[in-house]
>>> print(open('coords.txt').read())   # compact mmCIF, C-alpha atoms
# COMPACT_ATOMS: atom_id res chain seq x y z
CA MET A 1 0.00 0.00 0.00
CA VAL A 2 1.43 3.38 -1.01
CA CYS A 3 1.76 5.90 1.80
CA THR A 4 0.02 9.17 0.94
CA LEU A 5 0.81 11.16 4.08
CA ASN A 6 2.43 14.56 3.65
CA PHE A 7 4.66 16.69 5.87
CA ILE A 8 6.35 20.05 6.30
CA ASP A 9 9.92 20.40 7.52
CA LEU A 10 10.82 23.24 9.91
CA PHE A 11 14.44 24.35 10.37
CA ALA A 12 15.04 22.03 7.44
CA GLY A 13 18.79 22.53 6.94
CA ALA A 14 20.03 20.66 3.87
CA GLY A 15 17.10 18.24 4.06
CA GLY A 16 18.54 15.15 5.74
CA LEU A 17 15.45 14.50 7.84
CA SER A 18 13.19 15.17 4.86
CA GLU A 19 15.17 12.75 2.72
CA GLY A 20 14.43 9.96 5.20
CA PHE A 21 10.70 10.73 5.15
CA ILE A 22 10.64 10.94 1.35
CA ARG A 23 12.42 7.61 1.13
CA ALA A 24 9.71 6.15 3.39
CA GLY A 25 7.02 7.36 0.99
CA TYR A 26 5.91 10.67 2.51
CA THR A 27 5.30 13.77 0.40
CA PRO A 28 6.93 17.09 1.38
CA LEU A 29 4.69 20.13 1.10
CA ALA A 30 7.22 22.70 2.28
CA HIS A 31 10.67 23.21 3.76
CA ILE A 32 11.45 26.27 5.87
CA GLU A 33 15.12 27.17 6.34
CA MET A 34 17.00 30.44 6.86
CA ASN A 35 20.43 29.60 5.38
CA ASN A 36 20.62 30.54 1.71
CA TYR A 37 23.03 27.75 0.70
CA ALA A 38 20.92 25.13 2.46
CA CYS A 39 17.84 26.50 0.68
CA ASP A 40 19.65 26.20 -2.64
CA THR A 41 20.46 22.58 -1.77
CA LEU A 42 16.81 21.94 -0.88
CA LYS A 43 15.70 23.39 -4.23
CA THR A 44 18.17 21.21 -6.10
CA ARG A 45 16.99 18.14 -4.21
CA ALA A 46 13.33 19.02 -4.82
CA ALA A 47 14.15 19.26 -8.53
CA PHE A 48 15.88 15.86 -8.35
CA HIS A 49 12.84 14.16 -6.84
CA TRP A 50 10.46 15.74 -9.37
CA LEU A 51 12.69 14.73 -12.29
CA LYS A 52 12.93 11.22 -10.88
CA SER A 53 9.14 10.99 -10.69
CA GLN A 54 8.95 12.04 -14.34
CA ASN A 55 11.68 9.60 -15.50
CA LYS A 56 13.86 12.58 -16.45
CA LEU A 57 16.94 12.01 -14.33
CA SER A 58 19.05 12.57 -17.43
CA VAL A 59 18.39 16.29 -16.89
CA TYR A 60 19.84 16.05 -13.38
CA LYS A 61 22.86 14.08 -14.59
CA GLU A 62 23.56 16.70 -17.23
CA TYR A 63 23.34 19.40 -14.55
CA LEU A 64 25.96 17.66 -12.40
CA HIS A 65 28.28 17.15 -15.38
CA GLU A 66 28.07 20.79 -16.43
CA LYS A 67 28.05 22.32 -12.94
CA GLN A 68 30.55 25.12 -12.38
CA GLU A 69 31.91 26.55 -9.13
CA LYS A 70 30.17 29.67 -7.79
CA GLU A 71 27.01 28.85 -9.77
CA ASN A 72 23.81 28.18 -7.88
CA GLY A 73 21.29 25.66 -9.14
CA SER A 74 19.18 28.07 -11.19
CA LYS A 75 19.95 26.26 -14.47
CA LEU A 76 18.42 23.10 -12.99
CA TRP A 77 15.55 24.81 -11.18
CA ALA A 78 14.41 26.42 -14.44
CA GLN A 79 13.78 22.94 -15.86
CA VAL A 80 11.14 21.94 -13.31
CA PRO A 81 7.76 23.49 -12.47
CA GLN A 82 8.07 26.66 -10.37
CA GLU A 83 5.75 25.22 -7.73
CA VAL A 84 8.38 22.56 -7.03
CA ILE A 85 11.00 25.20 -6.25
CA ASN A 86 8.48 27.26 -4.28
CA THR A 87 8.18 24.47 -1.70
CA VAL A 88 11.45 25.83 -0.27
CA ILE A 89 10.86 28.90 1.88
CA GLN A 90 13.93 30.86 2.95
CA SER A 91 13.13 32.53 6.24
CA GLU A 92 13.93 32.66 9.90
CA ILE A 93 11.26 31.28 12.20
CA GLY A 94 10.42 33.72 14.96
CA LYS A 95 8.13 36.45 16.23
CA LYS A 96 8.66 38.76 13.25
CA THR A 97 8.15 36.09 10.59
CA ILE A 98 5.58 33.65 11.97
CA SER A 99 2.44 35.31 10.59
CA GLY A 100 3.97 35.72 7.13
CA LEU A 101 5.09 32.10 7.15
CA PHE A 102 1.57 30.97 7.95
CA GLU A 103 0.20 33.01 5.03
CA ASN A 104 2.86 31.63 2.72
CA LEU A 105 2.20 28.04 3.79
CA ASP A 106 -1.56 28.45 3.43
CA THR A 107 -1.09 29.65 -0.13
CA LEU A 108 1.50 27.02 -0.94
CA THR A 109 -0.51 24.08 0.40
CA GLY A 110 -3.88 25.32 -0.78
CA ASN A 111 -5.14 24.78 2.76
CA LYS A 112 -4.42 21.07 2.31
CA LYS A 113 -4.38 19.16 5.59
CA ILE A 114 -0.83 18.71 6.89
CA ASP A 115 -0.38 15.21 8.29
CA ILE A 116 3.01 15.49 9.98
CA ILE A 117 5.38 18.27 11.03
CA VAL A 118 9.07 17.40 11.36
CA GLY A 119 12.24 19.27 12.23
CA GLY A 120 14.40 20.47 15.06
CA PRO A 121 15.39 24.01 16.04
CA PRO A 122 19.11 24.83 15.83
CA CYS A 123 20.76 23.01 18.69
CA GLN A 124 23.77 25.21 19.51
CA ALA A 125 21.95 26.71 22.48
CA TYR A 126 21.61 23.26 24.04
CA SER A 127 24.85 21.60 22.98
CA VAL A 128 27.87 21.11 25.22
CA ALA A 129 30.10 22.74 22.60
CA GLY A 130 27.74 25.68 22.28
CA ARG A 131 27.70 26.28 26.01
CA ALA A 132 31.49 26.05 26.20
CA ARG A 133 31.96 28.45 23.30
CA MET A 134 29.37 31.07 24.28
CA GLY A 135 29.61 30.88 28.08
CA LYS A 136 27.00 32.91 29.96
CA ALA A 137 25.83 34.53 26.72
CA ILE A 138 24.11 31.24 25.90
CA GLU A 139 21.44 32.08 28.49
CA ASP A 140 20.19 34.99 26.38
CA ASP A 141 20.57 33.27 23.01
CA PRO A 142 17.25 33.62 21.11
CA ARG A 143 17.63 30.06 19.83
CA ASN A 144 16.65 28.92 23.32
CA GLU A 145 13.08 29.99 22.51
CA LEU A 146 12.67 28.50 19.04
CA TYR A 147 10.81 25.44 20.33
CA LYS A 148 7.91 27.77 21.15
CA TYR A 149 7.51 28.64 17.47
CA TYR A 150 7.63 24.96 16.53
CA VAL A 151 4.58 24.52 18.79
CA LYS A 152 2.81 27.42 17.08
CA PHE A 153 2.90 25.41 13.85
CA LEU A 154 1.27 22.52 15.74
CA GLU A 155 -1.42 24.85 17.02
CA ARG A 156 -2.06 26.30 13.59
CA TYR A 157 -2.07 23.16 11.46
CA GLN A 158 -3.02 20.42 13.92
CA PRO A 159 -1.08 17.57 12.25
CA LYS A 160 -1.73 13.98 13.29
CA MET A 161 1.85 13.61 14.55
CA PHE A 162 5.13 15.48 14.81
CA VAL A 163 8.82 14.62 15.08
CA PHE A 164 11.16 16.97 16.96
CA GLU A 165 14.91 16.33 16.83
CA ASN A 166 17.61 17.85 19.02
CA VAL A 167 20.85 17.25 20.91
CA LEU A 168 21.01 15.47 24.26
CA GLY A 169 21.57 18.78 26.03
CA ILE A 170 17.95 19.80 25.56
CA ARG A 171 17.17 17.56 28.54
CA THR A 172 19.45 19.46 30.93
CA ALA A 173 19.80 23.00 29.51
CA LYS A 174 18.66 25.60 32.06
CA ASN A 175 17.97 22.77 34.52
CA GLY A 176 15.55 21.19 32.09
CA GLU A 177 13.15 24.16 32.00
CA PRO A 178 12.91 24.44 28.18
CA LEU A 179 12.01 20.75 27.89
CA LYS A 180 9.41 21.05 30.65
CA ASP A 181 7.96 24.08 28.92
CA LEU A 182 7.92 22.30 25.57
CA THR A 183 6.03 19.40 27.14
CA ARG A 184 3.50 21.78 28.69
CA LEU A 185 2.94 23.70 25.46
CA VAL A 186 2.57 20.52 23.44
CA GLU A 187 -0.05 19.19 25.86
CA GLN A 188 -1.94 22.50 25.71
CA ALA A 189 -1.98 22.16 21.91
CA GLY A 190 -3.70 18.78 22.27
CA TYR A 191 -0.73 16.43 21.92
CA LYS A 192 1.08 13.82 23.90
CA MET A 193 4.79 13.39 23.33
CA GLU A 194 7.48 10.88 24.19
CA LEU A 195 11.24 11.39 24.21
CA LYS A 196 13.85 8.76 23.45
CA ILE A 197 17.56 8.88 22.77
CA GLN A 198 18.37 7.25 19.44
CA THR A 199 21.86 6.16 18.40
CA ALA A 200 22.47 6.30 14.66
CA SER A 201 24.82 3.29 14.64
CA GLU A 202 21.97 1.12 15.94
CA HIS A 203 19.85 1.98 12.90
CA GLY A 204 22.16 1.30 9.97
CA VAL A 205 24.28 4.47 9.99
CA LEU A 206 28.06 4.16 10.38
CA GLN A 207 28.23 6.91 12.98
CA ASN A 208 28.07 6.90 16.77
CA ARG A 209 25.67 9.83 16.76
CA GLN A 210 23.16 10.25 19.58
CA ARG A 211 20.17 12.54 19.33
CA VAL A 212 16.97 13.15 21.22
CA ILE A 213 14.05 12.22 19.00
CA ILE A 214 10.68 13.37 20.30
CA VAL A 215 7.55 11.95 18.71
CA GLY A 216 4.20 13.53 19.46
CA TRP A 217 0.64 12.70 18.46
CA LYS A 218 -2.87 14.07 18.74
CA ILE A 219 -4.56 12.89 21.93
CA GLU A 220 -7.97 12.93 20.23
CA ASP A 221 -9.04 12.64 16.61
CA GLU A 222 -11.34 15.08 14.82
CA ASN A 223 -14.39 13.38 16.35
CA GLY A 224 -13.07 13.63 19.90
CA ASN A 225 -12.16 9.94 20.16
CA PRO A 226 -8.83 8.89 21.74
CA THR A 227 -6.17 8.13 19.13
CA THR A 228 -4.05 4.99 19.12
CA PHE A 229 -0.80 6.63 17.98
CA HIS A 230 2.41 5.87 19.85
CA TYR A 231 6.18 6.13 19.61
CA PRO A 232 7.26 3.70 16.88
CA GLU A 233 9.20 0.61 17.85
CA LEU A 234 12.57 0.95 16.17
CA LYS A 235 14.39 -2.32 15.76
CA LYS A 236 18.10 -2.13 16.39
CA LYS A 237 20.37 -3.37 13.63
CA GLU A 238 23.57 -5.25 14.29
CA ASN A 239 26.44 -3.43 12.62
CA LYS A 240 28.84 -5.64 10.69
CA TYR A 241 30.29 -2.93 8.46
CA GLU A 242 33.40 -0.74 8.66
CA ILE A 243 34.05 2.84 7.55
CA LEU A 244 37.14 2.23 5.44
CA LYS A 245 36.19 -1.08 3.83
CA ASP A 246 32.45 -0.56 3.37
CA LEU A 247 31.90 3.21 3.16
CA PHE A 248 35.03 4.76 1.61
CA ALA A 249 36.67 1.99 -0.42
CA ASP A 250 35.12 2.78 -3.82
CA LEU A 251 36.12 6.46 -3.83
CA PRO A 252 39.37 7.49 -5.57
CA GLU A 253 42.36 8.01 -3.27
CA LEU A 254 43.20 11.66 -2.72
CA LYS A 255 45.93 13.67 -1.07
CA SER A 256 45.51 16.91 0.85
CA GLY A 257 44.07 19.61 -1.39
CA GLU A 258 43.18 17.26 -4.25
CA GLY A 259 39.81 16.91 -5.94
CA GLU A 260 37.40 19.40 -7.47
CA LEU A 261 34.19 20.76 -5.98
CA CYS A 262 31.98 20.15 -9.02
CA LYS A 263 33.80 17.55 -11.10
CA PRO A 264 32.03 14.16 -11.31
CA ILE A 265 34.28 11.24 -10.35
CA LEU A 266 33.93 7.58 -11.27
CA TYR A 267 33.84 4.84 -8.66
CA THR A 268 36.86 2.58 -8.32
CA LYS A 269 34.81 -0.51 -7.46
CA PRO A 270 31.55 -1.91 -8.87
CA LEU A 271 28.41 -1.63 -6.78
CA SER A 272 28.30 -5.43 -6.50
CA GLU A 273 31.40 -5.27 -4.27
CA MET A 274 29.96 -2.58 -1.99
CA GLU A 275 27.24 -4.36 0.00
CA TYR A 276 26.67 -1.64 2.59
CA LEU A 277 26.43 1.16 0.03
CA LYS A 278 23.88 -0.83 -1.95
CA LYS A 279 21.89 -1.93 1.08
CA SER A 280 21.77 1.58 2.55
CA LYS A 281 20.99 3.10 -0.88
CA ILE A 282 23.82 5.57 -0.45
CA ARG A 283 24.97 4.44 -3.88
CA ASN A 284 22.60 3.22 -6.60
CA SER A 285 22.90 1.68 -10.04
CA THR A 286 21.38 4.71 -11.81
CA PHE A 287 24.52 6.81 -11.38
CA ASP A 288 28.01 5.54 -12.22
CA PHE A 289 29.61 8.61 -10.65
CA THR A 290 29.41 10.93 -7.68
CA THR A 291 30.52 14.50 -6.96
CA GLN A 292 32.13 16.75 -4.34
CA HIS A 293 34.95 14.34 -3.53
CA ILE A 294 37.32 17.16 -2.64
CA ALA A 295 39.85 17.28 0.20
CA ARG A 296 40.86 20.39 2.08
CA PRO A 297 44.44 21.59 1.69
CA ASN A 298 46.30 20.98 4.97
CA ASN A 299 49.58 22.67 5.81
CA GLU A 300 52.67 20.65 6.68
CA ASN A 301 52.36 21.35 10.41
CA ASP A 302 48.82 19.93 10.54
CA ARG A 303 49.73 16.99 8.33
CA GLU A 304 52.53 16.08 10.72
CA ILE A 305 50.00 16.02 13.54
CA TYR A 306 47.61 14.03 11.34
CA ARG A 307 50.29 11.42 10.69
CA MET A 308 51.00 11.07 14.42
CA ALA A 309 47.27 10.88 15.21
CA VAL A 310 46.63 8.17 12.62
CA GLU A 311 49.62 6.11 13.73
CA MET A 312 48.54 6.30 17.36
CA TRP A 313 44.99 5.25 16.48
CA LEU A 314 46.06 2.38 14.23
CA ASN A 315 48.73 1.06 16.58
CA GLU A 316 47.30 1.80 20.02
CA ARG A 317 43.60 2.62 19.47
CA LYS A 318 44.21 5.87 21.33
CA ARG A 319 43.31 9.45 20.48
CA ILE A 320 46.12 11.98 20.38
CA ASP A 321 46.32 14.51 23.22
CA TYR A 322 47.09 17.97 21.84
CA SER A 323 48.99 18.99 24.97
CA LYS A 324 51.38 16.07 24.50
CA ILE A 325 52.39 16.55 20.88
CA PRO A 326 55.79 18.19 20.21
CA PHE A 327 55.77 21.82 21.34
CA ARG A 328 56.92 23.04 17.92
CA LEU A 329 53.63 21.76 16.44
CA GLN A 330 51.38 23.42 19.02
CA HIS A 331 50.04 26.58 17.38
CA HIS A 332 46.70 26.81 19.20
CA LYS A 333 46.63 29.16 22.19
CA ASN A 334 44.17 26.95 24.08
CA LYS A 335 46.17 24.05 25.50
CA GLU A 336 43.91 23.24 28.45
CA THR A 337 40.59 22.29 26.83
CA PHE A 338 39.53 20.57 23.59
CA LEU A 339 42.68 18.48 23.75
CA ASN A 340 41.05 15.95 21.39
CA ARG A 341 40.76 18.53 18.59
CA PHE A 342 42.72 16.19 16.28
CA ASN A 343 40.59 13.10 15.85
CA VAL A 344 40.86 10.17 13.44
CA VAL A 345 37.82 8.52 11.84
CA ASP A 346 37.79 4.91 13.01
CA PRO A 347 38.50 2.78 9.92
CA TYR A 348 37.30 -0.45 11.54
CA GLY A 349 33.98 0.67 13.02
CA CYS A 350 31.74 3.73 13.11
CA CYS A 351 32.72 7.37 12.94
CA HIS A 352 32.32 9.72 15.89
CA THR A 353 29.59 12.37 15.62
CA VAL A 354 29.76 14.72 12.67
CA VAL A 355 29.06 18.30 13.79
CA ALA A 356 28.94 21.76 12.21
CA HIS A 357 32.55 22.54 13.20
CA ILE A 358 33.62 20.41 10.26
CA ALA A 359 33.02 23.58 8.22
CA MET A 360 35.86 25.32 10.10
CA ASP A 361 38.60 22.74 9.66
CA GLY A 362 39.03 19.01 9.20
CA HIS A 363 41.15 18.30 12.28
CA TYR A 364 38.37 16.41 14.04
CA TYR A 365 37.79 14.18 11.00
CA ILE A 366 41.16 12.88 9.85
CA TYR A 367 41.02 10.27 7.10
CA PRO A 368 42.27 6.88 8.42
CA THR A 369 45.13 6.35 5.95
CA LEU A 370 46.47 2.83 6.64
CA ASN A 371 50.05 3.73 5.72
CA PRO A 372 50.25 7.34 6.87
CA THR A 373 52.99 9.61 5.60
CA LEU A 374 53.44 13.34 5.62
CA ASP A 375 52.53 13.27 1.94
CA ASN A 376 49.28 11.26 2.00
CA VAL A 377 47.48 12.21 5.24
CA ARG A 378 44.44 14.50 4.97
CA SER A 379 41.02 15.25 6.40
CA ILE A 380 37.88 13.70 4.93
CA THR A 381 36.20 15.02 1.79
CA ILE A 382 32.71 16.48 1.41
CA ARG A 383 31.46 13.22 -0.10
CA GLU A 384 32.99 11.11 2.67
CA ALA A 385 31.36 13.33 5.30
CA ALA A 386 28.04 13.08 3.45
CA ARG A 387 28.31 9.29 3.38
CA ILE A 388 28.96 9.20 7.12
CA GLN A 389 25.69 11.09 7.49
CA SER A 390 24.15 8.52 5.07
CA PHE A 391 23.29 11.05 2.37
CA PRO A 392 22.97 9.33 -1.02
CA ASP A 393 25.76 9.94 -3.52
CA ASP A 394 23.39 11.76 -5.88
CA TYR A 395 22.80 14.47 -3.25
CA TYR A 396 24.42 17.75 -4.25
CA PHE A 397 25.22 20.42 -1.65
CA GLU A 398 25.10 23.88 -3.19
CA GLY A 399 27.57 26.60 -2.27
CA SER A 400 31.26 26.60 -1.44
CA ARG A 401 33.26 23.76 0.09
CA SER A 402 32.82 25.27 3.57
CA ALA A 403 29.10 25.80 2.97
CA ALA A 404 28.71 22.16 1.98
CA PHE A 405 30.56 20.94 5.07
CA LYS A 406 28.40 23.16 7.29
CA GLN A 407 25.19 21.78 5.79
CA ILE A 408 26.38 18.22 6.32
CA GLY A 409 27.45 18.89 9.90
CA ASN A 410 24.13 20.50 10.79
CA THR A 411 21.93 17.72 9.47
CA VAL A 412 20.21 14.74 11.06
CA LYS A 413 19.85 11.39 9.31
CA LEU A 414 18.89 8.28 11.21
CA ALA A 415 17.51 5.96 8.57
CA ALA A 416 19.83 4.17 6.19
>>> encode(input="coords.txt", output="structure tokens")
Amino acid sequence: MVCTLNFIDLFAGAGGLSEGFIRAGYTPLAHIEMNNYACDTLKTRAAFHWLKSQNKLSVYKEYLHEKQEKENGSKLWAQVPQEVINTVIQSEIGKKTISGLFENLDTLTGNKKIDIIVGGPPCQAYSVAGRARMGKAIEDDPRNELYKYYVKFLERYQPKMFVFENVLGIRTAKNGEPLKDLTRLVEQAGYKMELKIQTASEHGVLQNRQRVIIVGWKIEDENGNPTTFHYPELKKKENKYEILKDLFADLPELKSGEGELCKPILYTKPLSEMEYLKKSKIRNSTFDFTTQHIARPNNENDREIYRMAVEMWLNERKRIDYSKIPFRLQHHKNKETFLNRFNVVDPYGCCHTVVAHIAMDGHYYIYPTLNPTLDNVRSITIREAARIQSFPDDYYFEGSRSAAFKQIGNTVKLAA
């Protein structure tokens, strides 16, 4: 039976959560996101899905082959109906924009009933890293209040269910007051919600990523009868795959600074030899290439640290301590905290959590080169980071290299 439920995605980012719902058969009615590069990515992905539904993926392939740096996706967007592109709304969500967003959504959806609302407000205000970086200023950060506007969408559109994603810190931030308030507001809107911590590696993703996933549902249906909705039972999957062998092995080997942002690259192994990529649908038989396999340039000082970090991980299964590397290599002023700032992706298991800081530098995501030398060590590429987040290889992230990394780091993707 084909699922016909629809959804809107709030704080949509690059669309990782939406991609999971689309893959499960749900129809997106709108995505709301403030970042312009992420919105461009959402438009490109919306065009991809429409072209796929029309058996016109050759148009998308041609776009990827002809793509040039510093171009947005307008050449592709012009080849699909405008209403497809209009499903992406670039806007903040807050007091000044909420009424306009409602008007825009009403027009866009034609007052069609919205079945599900998904999304998660930016999590920096609740994250450990965010608190450490911003200090006391975090208390007055307006992002602390964004959950209230999420609830306003529930009040306005009364979906059957909603999914709210965030970091673990939402449970303890401000002594748990925001979470208590969210629960209260949700109940006032006519919903019951349940919170569970989900670990991505237990659901087919090669990443030890933990997130709070809140699922809520209407307490009563339109006739006033109690509903039978509940938090879905998610079966845990045993992981038998490895990052290097099963996730990275079919991508061409690169050195620091090699690769091109837009150039398509051919796989080095057939799909038949890449069981995990086929099973997870990260790679499919429709495309014999991928894109954005580009490595950051790393200076010699950093590459020397990378080499030491990789050797220590491969030989001792230990992370390098920044305060204990040779003094001549220590160029960071902070030598008391974040001593694990140079971190190697585990080649034999799952990666540690991918976060937005990957847009700043690649030190926390060093490629696990099995025979590390000063010449061949590097940080991971855009495509490798996207694969860790379980984005399919045909997903294109618009914008610069840093913009692409930021979109990948800010996303959520739990279903492979």
>>> residues_around(input="coords.txt", residues="Asp361 (chain A)", least_positions_apart="4", cutoff="9 Å", atoms="only C-alpha atoms", output="short mmCIF file (atom, residue, chain, number, x, y, z; two decimals) with C-alpha atoms, in the coordinates of the input")
data_model
loop_
_atom_site.label_atom_id
_atom_site.label_comp_id
_atom_site.auth_asym_id
_atom_site.auth_seq_id
_atom_site.Cartn_x
_atom_site.Cartn_y
_atom_site.Cartn_z
CA ARG A 296 40.86 20.39 2.08
CA HIS A 357 32.55 22.54 13.20
CA TYR A 365 37.79 14.18 11.00
CA SER A 379 41.02 15.25 6.40
CA SER A 402 32.82 25.27 3.57
#
>>> atom_distance(input="coords.txt", atom1="CA of Ile117 (chain A)", atom2="CA of Pro28 (chain A)")
9.8 Å
>>> atom_distance(input="coords.txt", atom1="CA of Pro121 (chain A)", atom2="CA of Glu165 (chain A)")
7.7 Å
>>> atom_distance(input="coords.txt", atom1="CA of Glu220 (chain A)", atom2="CA of Gly190 (chain A)")
7.5 Å
>>> residues_around(input="coords.txt", residues="Leu339 (chain A)", least_positions_apart="2", cutoff="10 Å", atoms="all atoms listed in the file", output="list of chain:residue names")
A:Arg319, A:Ile320, A:Asp321, A:Tyr322, A:Ser323, A:Lys324, A:Asn334, A:Lys335, A:Glu336, A:Thr337, A:Arg341, A:Phe342, A:Asn343
>>> residues_near_point(input="coords.txt", point="(24.0, 8.1, -8.2)", cutoff="7 Å", atoms="all atoms listed in the file", output="short mmCIF file (atom, residue, chain, number, x, y, z; two decimals) with C-alpha atoms, in the coordinates of the input")
data_model
loop_
_atom_site.label_atom_id
_atom_site.label_comp_id
_atom_site.auth_asym_id
_atom_site.auth_seq_id
_atom_site.Cartn_x
_atom_site.Cartn_y
_atom_site.Cartn_z
CA ARG A 283 24.97 4.44 -3.88
CA ASN A 284 22.60 3.22 -6.60
CA SER A 285 22.90 1.68 -10.04
CA THR A 286 21.38 4.71 -11.81
CA PHE A 287 24.52 6.81 -11.38
CA ASP A 288 28.01 5.54 -12.22
CA PHE A 289 29.61 8.61 -10.65
CA THR A 290 29.41 10.93 -7.68
CA ASP A 393 25.76 9.94 -3.52
CA ASP A 394 23.39 11.76 -5.88
#
>>> residues_around(input="coords.txt", residues="Lys263 (chain A)", least_positions_apart="6", cutoff="8 Å", atoms="all atoms listed in the file", output="list in words")
Leu64, His65, Lys67, Thr291 and Gln292 of chain A
>>> closest_residue(input="coords.txt", among="A:Asn175, A:Ser280, A:Thr268, A:Gln54", to="Ala249 (chain A)", atoms="only C-alpha atoms")
A:Thr268
